[in-house]
$ cat data-v4.pdb   # PDB, N, CA and C atoms, pLDDT in the B column
ATOM      1  N   MET I   7     -16.567   0.878  -2.437  1.00 69.00           N
ATOM      2  CA  MET I   7     -15.831   1.525  -3.490  1.00 69.00           C
ATOM      3  C   MET I   7     -16.446   1.151  -4.838  1.00 69.00           C
ATOM      4  N   THR I   8     -16.562   2.109  -5.708  1.00 89.00           N
ATOM      5  CA  THR I   8     -17.134   1.896  -7.028  1.00 89.00           C
ATOM      6  C   THR I   8     -16.104   1.257  -7.943  1.00 89.00           C
ATOM      7  N   THR I   9     -16.545   0.271  -8.682  1.00 94.00           N
ATOM      8  CA  THR I   9     -15.655  -0.416  -9.626  1.00 94.00           C
ATOM      9  C   THR I   9     -15.304   0.517 -10.774  1.00 94.00           C
ATOM     10  N   ARG I  10     -14.035   0.529 -11.114  1.00 96.00           N
ATOM     11  CA  ARG I  10     -13.542   1.314 -12.247  1.00 96.00           C
ATOM     12  C   ARG I  10     -13.012   0.362 -13.310  1.00 96.00           C
ATOM     13  N   PHE I  11     -13.122   0.780 -14.553  1.00 97.00           N
ATOM     14  CA  PHE I  11     -12.706  -0.034 -15.682  1.00 97.00           C
ATOM     15  C   PHE I  11     -11.660   0.704 -16.501  1.00 97.00           C
ATOM     16  N   GLN I  12     -10.763  -0.054 -17.092  1.00 97.00           N
ATOM     17  CA  GLN I  12      -9.832   0.479 -18.082  1.00 97.00           C
ATOM     18  C   GLN I  12     -10.064  -0.325 -19.355  1.00 97.00           C
ATOM     19  N   ILE I  13     -10.342   0.380 -20.446  1.00 97.00           N
ATOM     20  CA  ILE I  13     -10.551  -0.250 -21.749  1.00 97.00           C
ATOM     21  C   ILE I  13      -9.298   0.037 -22.560  1.00 97.00           C
ATOM     22  N   ILE I  14      -8.563  -1.009 -22.896  1.00 96.00           N
ATOM     23  CA  ILE I  14      -7.268  -0.867 -23.536  1.00 96.00           C
ATOM     24  C   ILE I  14      -7.320  -1.433 -24.950  1.00 96.00           C
ATOM     25  N   ALA I  15      -7.055  -0.579 -25.934  1.00 94.00           N
ATOM     26  CA  ALA I  15      -6.975  -1.038 -27.321  1.00 94.00           C
ATOM     27  C   ALA I  15      -5.669  -1.812 -27.496  1.00 94.00           C
ATOM     28  N   LEU I  16      -5.742  -2.942 -28.170  1.00 94.00           N
ATOM     29  CA  LEU I  16      -4.552  -3.745 -28.431  1.00 94.00           C
ATOM     30  C   LEU I  16      -3.883  -3.226 -29.697  1.00 94.00           C
ATOM     31  N   SER I  17      -2.576  -3.259 -29.714  1.00 92.00           N
ATOM     32  CA  SER I  17      -1.830  -2.750 -30.866  1.00 92.00           C
ATOM     33  C   SER I  17      -0.606  -3.619 -31.113  1.00 92.00           C
ATOM     34  N   SER I  18       0.073  -3.348 -32.214  1.00 91.00           N
ATOM     35  CA  SER I  18       1.288  -4.117 -32.507  1.00 91.00           C
ATOM     36  C   SER I  18       2.388  -3.810 -31.495  1.00 91.00           C
ATOM     37  N   LEU I  19       2.363  -2.625 -30.898  1.00 91.00           N
ATOM     38  CA  LEU I  19       3.360  -2.269 -29.886  1.00 91.00           C
ATOM     39  C   LEU I  19       3.023  -2.864 -28.516  1.00 91.00           C
ATOM     40  N   ASP I  20       1.749  -3.092 -28.276  1.00 91.00           N
ATOM     41  CA  ASP I  20       1.298  -3.659 -27.000  1.00 91.00           C
ATOM     42  C   ASP I  20       0.183  -4.666 -27.290  1.00 91.00           C
ATOM     43  N   PRO I  21       0.521  -5.808 -27.881  1.00 91.00           N
ATOM     44  CA  PRO I  21      -0.511  -6.748 -28.327  1.00 91.00           C
ATOM     45  C   PRO I  21      -1.326  -7.394 -27.209  1.00 91.00           C
ATOM     46  N   PHE I  22      -0.856  -7.335 -25.987  1.00 90.00           N
ATOM     47  CA  PHE I  22      -1.590  -7.940 -24.878  1.00 90.00           C
ATOM     48  C   PHE I  22      -2.288  -6.897 -24.004  1.00 90.00           C
ATOM     49  N   GLY I  23      -2.103  -5.612 -24.304  1.00 89.00           N
ATOM     50  CA  GLY I  23      -2.747  -4.560 -23.523  1.00 89.00           C
ATOM     51  C   GLY I  23      -2.207  -4.444 -22.115  1.00 89.00           C
ATOM     52  N   ASP I  24      -0.915  -4.727 -21.952  1.00 90.00           N
ATOM     53  CA  ASP I  24      -0.317  -4.698 -20.617  1.00 90.00           C
ATOM     54  C   ASP I  24       0.022  -3.295 -20.112  1.00 90.00           C
ATOM     55  N   ASP I  25       0.254  -2.361 -21.020  1.00 89.00           N
ATOM     56  CA  ASP I  25       0.652  -1.009 -20.624  1.00 89.00           C
ATOM     57  C   ASP I  25      -0.593  -0.165 -20.360  1.00 89.00           C
ATOM     58  N   ARG I  26      -0.943  -0.035 -19.086  1.00 92.00           N
ATOM     59  CA  ARG I  26      -2.163   0.689 -18.706  1.00 92.00           C
ATOM     60  C   ARG I  26      -1.858   1.977 -17.946  1.00 92.00           C
ATOM     61  N   ARG I  27      -0.602   2.368 -17.895  1.00 91.00           N
ATOM     62  CA  ARG I  27      -0.193   3.511 -17.068  1.00 91.00           C
ATOM     63  C   ARG I  27      -0.969   4.791 -17.351  1.00 91.00           C
ATOM     64  N   ASP I  28      -1.140   5.140 -18.607  1.00 90.00           N
ATOM     65  CA  ASP I  28      -1.751   6.425 -18.948  1.00 90.00           C
ATOM     66  C   ASP I  28      -3.226   6.317 -19.315  1.00 90.00           C
ATOM     67  N   GLU I  29      -3.801   5.158 -19.115  1.00 92.00           N
ATOM     68  CA  GLU I  29      -5.202   4.960 -19.476  1.00 92.00           C
ATOM     69  C   GLU I  29      -6.113   5.379 -18.331  1.00 92.00           C
ATOM     70  N   PRO I  30      -7.204   6.073 -18.651  1.00 96.00           N
ATOM     71  CA  PRO I  30      -8.117   6.524 -17.593  1.00 96.00           C
ATOM     72  C   PRO I  30      -8.899   5.366 -16.983  1.00 96.00           C
ATOM     73  N   LYS I  31      -9.266   5.534 -15.730  1.00 96.00           N
ATOM     74  CA  LYS I  31     -10.132   4.573 -15.050  1.00 96.00           C
ATOM     75  C   LYS I  31     -11.544   5.140 -15.126  1.00 96.00           C
ATOM     76  N   LEU I  32     -12.425   4.380 -15.754  1.00 97.00           N
ATOM     77  CA  LEU I  32     -13.770   4.851 -16.065  1.00 97.00           C
ATOM     78  C   LEU I  32     -14.838   4.115 -15.272  1.00 97.00           C
ATOM     79  N   LEU I  33     -15.953   4.791 -15.043  1.00 97.00           N
ATOM     80  CA  LEU I  33     -17.121   4.120 -14.502  1.00 97.00           C
ATOM     81  C   LEU I  33     -17.745   3.280 -15.612  1.00 97.00           C
ATOM     82  N   TYR I  34     -18.569   2.321 -15.255  1.00 97.00           N
ATOM     83  CA  TYR I  34     -19.106   1.371 -16.225  1.00 97.00           C
ATOM     84  C   TYR I  34     -19.754   2.027 -17.460  1.00 97.00           C
ATOM     85  N   PRO I  35     -20.645   3.010 -17.318  1.00 97.00           N
ATOM     86  CA  PRO I  35     -21.275   3.564 -18.529  1.00 97.00           C
ATOM     87  C   PRO I  35     -20.255   4.147 -19.512  1.00 97.00           C
ATOM     88  N   ASP I  36     -19.250   4.835 -18.993  1.00 98.00           N
ATOM     89  CA  ASP I  36     -18.225   5.417 -19.862  1.00 98.00           C
ATOM     90  C   ASP I  36     -17.325   4.341 -20.462  1.00 98.00           C
ATOM     91  N   ALA I  37     -17.028   3.320 -19.689  1.00 97.00           N
ATOM     92  CA  ALA I  37     -16.208   2.211 -20.185  1.00 97.00           C
ATOM     93  C   ALA I  37     -16.939   1.477 -21.306  1.00 97.00           C
ATOM     94  N   LEU I  38     -18.232   1.301 -21.146  1.00 97.00           N
ATOM     95  CA  LEU I  38     -19.024   0.628 -22.172  1.00 97.00           C
ATOM     96  C   LEU I  38     -19.027   1.449 -23.464  1.00 97.00           C
ATOM     97  N   LYS I  39     -19.164   2.767 -23.347  1.00 98.00           N
ATOM     98  CA  LYS I  39     -19.113   3.640 -24.532  1.00 98.00           C
ATOM     99  C   LYS I  39     -17.754   3.552 -25.213  1.00 98.00           C
ATOM    100  N   SER I  40     -16.707   3.512 -24.429  1.00 97.00           N
ATOM    101  CA  SER I  40     -15.357   3.396 -24.978  1.00 97.00           C
ATOM    102  C   SER I  40     -15.191   2.074 -25.725  1.00 97.00           C
ATOM    103  N   ALA I  41     -15.686   0.997 -25.151  1.00 97.00           N
ATOM    104  CA  ALA I  41     -15.611  -0.320 -25.788  1.00 97.00           C
ATOM    105  C   ALA I  41     -16.430  -0.336 -27.078  1.00 97.00           C
ATOM    106  N   GLN I  42     -17.592   0.281 -27.060  1.00 98.00           N
ATOM    107  CA  GLN I  42     -18.425   0.343 -28.258  1.00 98.00           C
ATOM    108  C   GLN I  42     -17.730   1.119 -29.370  1.00 98.00           C
ATOM    109  N   ALA I  43     -17.050   2.194 -29.006  1.00 97.00           N
ATOM    110  CA  ALA I  43     -16.328   2.995 -29.997  1.00 97.00           C
ATOM    111  C   ALA I  43     -15.176   2.199 -30.607  1.00 97.00           C
ATOM    112  N   LEU I  44     -14.446   1.451 -29.789  1.00 96.00           N
ATOM    113  CA  LEU I  44     -13.351   0.634 -30.315  1.00 96.00           C
ATOM    114  C   LEU I  44     -13.879  -0.469 -31.227  1.00 96.00           C
ATOM    115  N   LYS I  45     -14.992  -1.068 -30.853  1.00 96.00           N
ATOM    116  CA  LYS I  45     -15.588  -2.100 -31.705  1.00 96.00           C
ATOM    117  C   LYS I  45     -16.005  -1.498 -33.045  1.00 96.00           C
ATOM    118  N   ALA I  46     -16.606  -0.312 -33.023  1.00 97.00           N
ATOM    119  CA  ALA I  46     -17.035   0.356 -34.258  1.00 97.00           C
ATOM    120  C   ALA I  46     -15.846   0.651 -35.169  1.00 97.00           C
ATOM    121  N   GLN I  47     -14.679   0.863 -34.571  1.00 96.00           N
ATOM    122  CA  GLN I  47     -13.464   1.127 -35.341  1.00 96.00           C
ATOM    123  C   GLN I  47     -12.771  -0.164 -35.775  1.00 96.00           C
ATOM    124  N   GLY I  48     -13.306  -1.294 -35.353  1.00 95.00           N
ATOM    125  CA  GLY I  48     -12.724  -2.583 -35.697  1.00 95.00           C
ATOM    126  C   GLY I  48     -11.467  -2.922 -34.918  1.00 95.00           C
ATOM    127  N   LYS I  49     -11.305  -2.307 -33.746  1.00 94.00           N
ATOM    128  CA  LYS I  49     -10.106  -2.537 -32.935  1.00 94.00           C
ATOM    129  C   LYS I  49     -10.370  -3.568 -31.839  1.00 94.00           C
ATOM    130  N   ALA I  50      -9.373  -4.396 -31.612  1.00 95.00           N
ATOM    131  CA  ALA I  50      -9.447  -5.348 -30.507  1.00 95.00           C
ATOM    132  C   ALA I  50      -9.137  -4.607 -29.210  1.00 95.00           C
ATOM    133  N   PHE I  51      -9.749  -5.056 -28.119  1.00 96.00           N
ATOM    134  CA  PHE I  51      -9.526  -4.391 -26.837  1.00 96.00           C
ATOM    135  C   PHE I  51      -9.647  -5.380 -25.702  1.00 96.00           C
ATOM    136  N   ARG I  52      -9.154  -4.956 -24.567  1.00 96.00           N
ATOM    137  CA  ARG I  52      -9.213  -5.729 -23.333  1.00 96.00           C
ATOM    138  C   ARG I  52      -9.817  -4.822 -22.260  1.00 96.00           C
ATOM    139  N   ALA I  53     -10.630  -5.392 -21.386  1.00 96.00           N
ATOM    140  CA  ALA I  53     -11.247  -4.631 -20.296  1.00 96.00           C
ATOM    141  C   ALA I  53     -10.648  -5.091 -18.964  1.00 96.00           C
ATOM    142  N   TYR I  54     -10.084  -4.150 -18.224  1.00 96.00           N
ATOM    143  CA  TYR I  54      -9.533  -4.425 -16.896  1.00 96.00           C
ATOM    144  C   TYR I  54     -10.407  -3.743 -15.853  1.00 96.00           C
ATOM    145  N   THR I  55     -10.470  -4.310 -14.664  1.00 94.00           N
ATOM    146  CA  THR I  55     -11.256  -3.717 -13.582  1.00 94.00           C
ATOM    147  C   THR I  55     -10.442  -3.670 -12.296  1.00 94.00           C
ATOM    148  N   ASP I  56     -10.887  -2.809 -11.405  1.00 92.00           N
ATOM    149  CA  ASP I  56     -10.226  -2.735 -10.098  1.00 92.00           C
ATOM    150  C   ASP I  56     -11.213  -2.983  -8.963  1.00 92.00           C
ATOM    151  N   GLY I  57     -12.216  -3.787  -9.243  1.00 90.00           N
ATOM    152  CA  GLY I  57     -13.201  -4.097  -8.212  1.00 90.00           C
ATOM    153  C   GLY I  57     -14.113  -5.221  -8.654  1.00 90.00           C
ATOM    154  N   GLU I  58     -15.255  -5.319  -8.004  1.00 93.00           N
ATOM    155  CA  GLU I  58     -16.223  -6.366  -8.312  1.00 93.00           C
ATOM    156  C   GLU I  58     -16.946  -6.045  -9.623  1.00 93.00           C
ATOM    157  N   VAL I  59     -17.080  -7.072 -10.458  1.00 94.00           N
ATOM    158  CA  VAL I  59     -17.768  -6.923 -11.739  1.00 94.00           C
ATOM    159  C   VAL I  59     -18.966  -7.855 -11.741  1.00 94.00           C
ATOM    160  N   THR I  60     -20.119  -7.332 -12.173  1.00 95.00           N
ATOM    161  CA  THR I  60     -21.300  -8.192 -12.247  1.00 95.00           C
ATOM    162  C   THR I  60     -21.223  -9.050 -13.508  1.00 95.00           C
ATOM    163  N   GLU I  61     -21.961 -10.120 -13.517  1.00 96.00           N
ATOM    164  CA  GLU I  61     -22.000 -10.997 -14.695  1.00 96.00           C
ATOM    165  C   GLU I  61     -22.565 -10.225 -15.892  1.00 96.00           C
ATOM    166  N   GLU I  62     -23.509  -9.350 -15.642  1.00 96.00           N
ATOM    167  CA  GLU I  62     -24.094  -8.526 -16.720  1.00 96.00           C
ATOM    168  C   GLU I  62     -23.025  -7.626 -17.358  1.00 96.00           C
ATOM    169  N   GLN I  63     -22.184  -7.019 -16.542  1.00 96.00           N
ATOM    170  CA  GLN I  63     -21.111  -6.164 -17.059  1.00 96.00           C
ATOM    171  C   GLN I  63     -20.103  -6.990 -17.845  1.00 96.00           C
ATOM    172  N   ARG I  64     -19.721  -8.123 -17.304  1.00 95.00           N
ATOM    173  CA  ARG I  64     -18.766  -9.009 -17.973  1.00 95.00           C
ATOM    174  C   ARG I  64     -19.324  -9.459 -19.333  1.00 95.00           C
ATOM    175  N   LYS I  65     -20.598  -9.813 -19.346  1.00 96.00           N
ATOM    176  CA  LYS I  65     -21.249 -10.261 -20.577  1.00 96.00           C
ATOM    177  C   LYS I  65     -21.290  -9.144 -21.620  1.00 96.00           C
ATOM    178  N   ALA I  66     -21.557  -7.926 -21.195  1.00 97.00           N
ATOM    179  CA  ALA I  66     -21.623  -6.800 -22.127  1.00 97.00           C
ATOM    180  C   ALA I  66     -20.285  -6.605 -22.840  1.00 97.00           C
ATOM    181  N   PHE I  67     -19.185  -6.700 -22.115  1.00 97.00           N
ATOM    182  CA  PHE I  67     -17.866  -6.547 -22.740  1.00 97.00           C
ATOM    183  C   PHE I  67     -17.549  -7.728 -23.648  1.00 97.00           C
ATOM    184  N   ARG I  68     -17.904  -8.930 -23.214  1.00 96.00           N
ATOM    185  CA  ARG I  68     -17.679 -10.118 -24.066  1.00 96.00           C
ATOM    186  C   ARG I  68     -18.449  -9.998 -25.373  1.00 96.00           C
ATOM    187  N   GLU I  69     -19.691  -9.552 -25.303  1.00 96.00           N
ATOM    188  CA  GLU I  69     -20.514  -9.424 -26.510  1.00 96.00           C
ATOM    189  C   GLU I  69     -19.964  -8.380 -27.465  1.00 96.00           C
ATOM    190  N   LEU I  70     -19.252  -7.401 -26.927  1.00 96.00           N
ATOM    191  CA  LEU I  70     -18.611  -6.390 -27.787  1.00 96.00           C
ATOM    192  C   LEU I  70     -17.283  -6.897 -28.346  1.00 96.00           C
ATOM    193  N   GLY I  71     -16.848  -8.059 -27.894  1.00 95.00           N
ATOM    194  CA  GLY I  71     -15.630  -8.658 -28.436  1.00 95.00           C
ATOM    195  C   GLY I  71     -14.381  -8.459 -27.616  1.00 95.00           C
ATOM    196  N   ALA I  72     -14.527  -8.141 -26.340  1.00 95.00           N
ATOM    197  CA  ALA I  72     -13.339  -7.951 -25.496  1.00 95.00           C
ATOM    198  C   ALA I  72     -12.502  -9.223 -25.472  1.00 95.00           C
ATOM    199  N   VAL I  73     -11.210  -9.077 -25.577  1.00 92.00           N
ATOM    200  CA  VAL I  73     -10.274 -10.190 -25.514  1.00 92.00           C
ATOM    201  C   VAL I  73     -10.072 -10.541 -24.047  1.00 92.00           C
ATOM    202  N   GLU I  74     -10.162 -11.818 -23.738  1.00 81.00           N
ATOM    203  CA  GLU I  74      -9.989 -12.225 -22.335  1.00 81.00           C
ATOM    204  C   GLU I  74      -8.611 -12.768 -22.083  1.00 81.00           C
TER     205      GLU I  74
END
$ encode --input "data-v4.pdb" --output "structure tokens"
Amino acid sequence: MTTRFQIIALSSLDPFGDDRRDEPKLLYPDALKSAQALKAQGKAFRAYTDGEVTEEQRKAFRELGAVE
């Protein structure tokens, strides 16, 4: 099964990014683009996965500033 990612922007209404119900599950390239867009907007975000994540993928999100 291919790993899917959810990139969740943190907000004052959901500061921990717990509400993921309506968020799309993306493949890595699309998730990375989404994270890059949020970083460009100066927004904090969290990356969730539903499968195995490589260290390279984890590092890419950390370098973009993903909140762990």
$ select_by_dssp --input "data-v4.pdb" --residues "chain I" --states "strand (DSSP E or B)" --output "list in words"
Phe11, Gln12, Ile13, Ile14, Ala15, Leu32, Phe51, Arg52, Ala53, Tyr54 and Thr55 of chain I
$ atom_distance --input "data-v4.pdb" --atom1 "atom CA of Thr8 of chain I" --atom2 "atom N of Leu33 of chain I"
8.6 Å
$ residues_around --input "data-v4.pdb" --residues "Phe11 of chain I" --least-positions-apart "3" --cutoff "6 Å" --atoms "all atoms listed in the file" --output "PyMOL selection string"
chain I and resi 30-34+54-56
$ write_last_selection --input "data-v4.pdb" --atoms "N, CA and C atoms" --output "compact mmCIF listing (two decimals), in the frame of the given file"
# COMPACT_ATOMS: atom_id res chain seq x y z
N PRO I 30 -7.20 6.07 -18.65
CA PRO I 30 -8.12 6.52 -17.59
C PRO I 30 -8.90 5.37 -16.98
N LYS I 31 -9.27 5.53 -15.73
CA LYS I 31 -10.13 4.57 -15.05
C LYS I 31 -11.54 5.14 -15.13
N LEU I 32 -12.42 4.38 -15.75
CA LEU I 32 -13.77 4.85 -16.07
C LEU I 32 -14.84 4.12 -15.27
N LEU I 33 -15.95 4.79 -15.04
CA LEU I 33 -17.12 4.12 -14.50
C LEU I 33 -17.74 3.28 -15.61
N TYR I 34 -18.57 2.32 -15.26
CA TYR I 34 -19.11 1.37 -16.23
C TYR I 34 -19.75 2.03 -17.46
N TYR I 54 -10.08 -4.15 -18.22
CA TYR I 54 -9.53 -4.42 -16.90
C TYR I 54 -10.41 -3.74 -15.85
N THR I 55 -10.47 -4.31 -14.66
CA THR I 55 -11.26 -3.72 -13.58
C THR I 55 -10.44 -3.67 -12.30
N ASP I 56 -10.89 -2.81 -11.40
CA ASP I 56 -10.23 -2.74 -10.10
C ASP I 56 -11.21 -2.98 -8.96
$ atom_distance --input "data-v4.pdb" --atom1 "atom N of Gln12 of chain I" --atom2 "atom CA of Arg27 of chain I"
11.2 Å
$ closest_residue --input "data-v4.pdb" --among "I:Ala41, I:Gly23, I:Ala50, I:Glu29" --to "Phe67 of chain I" --atoms "all atoms listed in the file"
I:Ala41
$ resolve_selection --input "data-v4.pdb" --expression "the PyMOL selection byres ((chain I and resi 58) around 8)" --output "list of chain:residue names"
I:Met7, I:Thr8, I:Thr9, I:Arg10, I:Thr55, I:Asp56, I:Gly57, I:Val59, I:Thr60, I:Glu61
$ residues_around --input "data-v4.pdb" --residues "Gln42 of chain I" --least-positions-apart "5" --cutoff "7 Å" --atoms "only N, CA and C atoms" --output "list in words"
Ala37, Gln47 and Leu70 of chain I
$ resolve_selection --input "data-v4.pdb" --expression "the PyMOL selection byres (((chain I and resi 45 and name CA) around 12) and name CA)" --output "list in words"
Ile13, Ile14, Ala15, Leu16, Leu38, Lys39, Ser40, Ala41, Gln42, Ala43, Leu44, Ala46, Gln47, Gly48, Lys49, Ala50, Phe51, Arg52, Phe67, Arg68, Glu69, Leu70, Gly71, Ala72 and Val73 of chain I
$ atom_distance --input "data-v4.pdb" --atom1 "atom C of Glu74 of chain I" --atom2 "atom CA of Ala53 of chain I"
8.7 Å
$ select_by_dssp --input "data-v4.pdb" --residues "chain I" --states "helix (DSSP H, G or I)" --output "PyMOL selection string"
chain I and resi 34-46+61-69
$ write_last_selection --input "data-v4.pdb" --atoms "N, CA and C atoms" --output "PDB file, in the coordinates of the input"
ATOM      1  N   TYR I  34     -18.569   2.321 -15.255  1.00 97.00           N
ATOM      2  CA  TYR I  34     -19.106   1.371 -16.225  1.00 97.00           C
ATOM      3  C   TYR I  34     -19.754   2.027 -17.460  1.00 97.00           C
ATOM      4  N   PRO I  35     -20.645   3.010 -17.318  1.00 97.00           N
ATOM      5  CA  PRO I  35     -21.275   3.564 -18.529  1.00 97.00           C
ATOM      6  C   PRO I  35     -20.255   4.147 -19.512  1.00 97.00           C
ATOM      7  N   ASP I  36     -19.250   4.835 -18.993  1.00 98.00           N
ATOM      8  CA  ASP I  36     -18.225   5.417 -19.862  1.00 98.00           C
ATOM      9  C   ASP I  36     -17.325   4.341 -20.462  1.00 98.00           C
ATOM     10  N   ALA I  37     -17.028   3.320 -19.689  1.00 97.00           N
ATOM     11  CA  ALA I  37     -16.208   2.211 -20.185  1.00 97.00           C
ATOM     12  C   ALA I  37     -16.939   1.477 -21.306  1.00 97.00           C
ATOM     13  N   LEU I  38     -18.232   1.301 -21.146  1.00 97.00           N
ATOM     14  CA  LEU I  38     -19.024   0.628 -22.172  1.00 97.00           C
ATOM     15  C   LEU I  38     -19.027   1.449 -23.464  1.00 97.00           C
ATOM     16  N   LYS I  39     -19.164   2.767 -23.347  1.00 98.00           N
ATOM     17  CA  LYS I  39     -19.113   3.640 -24.532  1.00 98.00           C
ATOM     18  C   LYS I  39     -17.754   3.552 -25.213  1.00 98.00           C
ATOM     19  N   SER I  40     -16.707   3.512 -24.429  1.00 97.00           N
ATOM     20  CA  SER I  40     -15.357   3.396 -24.978  1.00 97.00           C
ATOM     21  C   SER I  40     -15.191   2.074 -25.725  1.00 97.00           C
ATOM     22  N   ALA I  41     -15.686   0.997 -25.151  1.00 97.00           N
ATOM     23  CA  ALA I  41     -15.611  -0.320 -25.788  1.00 97.00           C
ATOM     24  C   ALA I  41     -16.430  -0.336 -27.078  1.00 97.00           C
ATOM     25  N   GLN I  42     -17.592   0.281 -27.060  1.00 98.00           N
ATOM     26  CA  GLN I  42     -18.425   0.343 -28.258  1.00 98.00           C
ATOM     27  C   GLN I  42     -17.730   1.119 -29.370  1.00 98.00           C
ATOM     28  N   ALA I  43     -17.050   2.194 -29.006  1.00 97.00           N
ATOM     29  CA  ALA I  43     -16.328   2.995 -29.997  1.00 97.00           C
ATOM     30  C   ALA I  43     -15.176   2.199 -30.607  1.00 97.00           C
ATOM     31  N   LEU I  44     -14.446   1.451 -29.789  1.00 96.00           N
ATOM     32  CA  LEU I  44     -13.351   0.634 -30.315  1.00 96.00           C
ATOM     33  C   LEU I  44     -13.879  -0.469 -31.227  1.00 96.00           C
ATOM     34  N   LYS I  45     -14.992  -1.068 -30.853  1.00 96.00           N
ATOM     35  CA  LYS I  45     -15.588  -2.100 -31.705  1.00 96.00           C
ATOM     36  C   LYS I  45     -16.005  -1.498 -33.045  1.00 96.00           C
ATOM     37  N   ALA I  46     -16.606  -0.312 -33.023  1.00 97.00           N
ATOM     38  CA  ALA I  46     -17.035   0.356 -34.258  1.00 97.00           C
ATOM     39  C   ALA I  46     -15.846   0.651 -35.169  1.00 97.00           C
ATOM     40  N   GLU I  61     -21.961 -10.120 -13.517  1.00 96.00           N
ATOM     41  CA  GLU I  61     -22.000 -10.997 -14.695  1.00 96.00           C
ATOM     42  C   GLU I  61     -22.565 -10.225 -15.892  1.00 96.00           C
ATOM     43  N   GLU I  62     -23.509  -9.350 -15.642  1.00 96.00           N
ATOM     44  CA  GLU I  62     -24.094  -8.526 -16.720  1.00 96.00           C
ATOM     45  C   GLU I  62     -23.025  -7.626 -17.358  1.00 96.00           C
ATOM     46  N   GLN I  63     -22.184  -7.019 -16.542  1.00 96.00           N
ATOM     47  CA  GLN I  63     -21.111  -6.164 -17.059  1.00 96.00           C
ATOM     48  C   GLN I  63     -20.103  -6.990 -17.845  1.00 96.00           C
ATOM     49  N   ARG I  64     -19.721  -8.123 -17.304  1.00 95.00           N
ATOM     50  CA  ARG I  64     -18.766  -9.009 -17.973  1.00 95.00           C
ATOM     51  C   ARG I  64     -19.324  -9.459 -19.333  1.00 95.00           C
ATOM     52  N   LYS I  65     -20.598  -9.813 -19.346  1.00 96.00           N
ATOM     53  CA  LYS I  65     -21.249 -10.261 -20.577  1.00 96.00           C
ATOM     54  C   LYS I  65     -21.290  -9.144 -21.620  1.00 96.00           C
ATOM     55  N   ALA I  66     -21.557  -7.926 -21.195  1.00 97.00           N
ATOM     56  CA  ALA I  66     -21.623  -6.800 -22.127  1.00 97.00           C
ATOM     57  C   ALA I  66     -20.285  -6.605 -22.840  1.00 97.00           C
ATOM     58  N   PHE I  67     -19.185  -6.700 -22.115  1.00 97.00           N
ATOM     59  CA  PHE I  67     -17.866  -6.547 -22.740  1.00 97.00           C
ATOM     60  C   PHE I  67     -17.549  -7.728 -23.648  1.00 97.00           C
ATOM     61  N   ARG I  68     -17.904  -8.930 -23.214  1.00 96.00           N
ATOM     62  CA  ARG I  68     -17.679 -10.118 -24.066  1.00 96.00           C
ATOM     63  C   ARG I  68     -18.449  -9.998 -25.373  1.00 96.00           C
ATOM     64  N   GLU I  69     -19.691  -9.552 -25.303  1.00 96.00           N
ATOM     65  CA  GLU I  69     -20.514  -9.424 -26.510  1.00 96.00           C
ATOM     66  C   GLU I  69     -19.964  -8.380 -27.465  1.00 96.00           C
TER      67      GLU I  69
END
$ axis_aligned_box --input "data-v4.pdb" --around "segment 31-43 of chain I" --padding-each-side "8 Å" --output "AutoDock Vina command-line options"
--center_x -15.3 --center_y 2.6 --center_z -22.6 --size_x 28.0 --size_y 21.9 --size_z 32.1
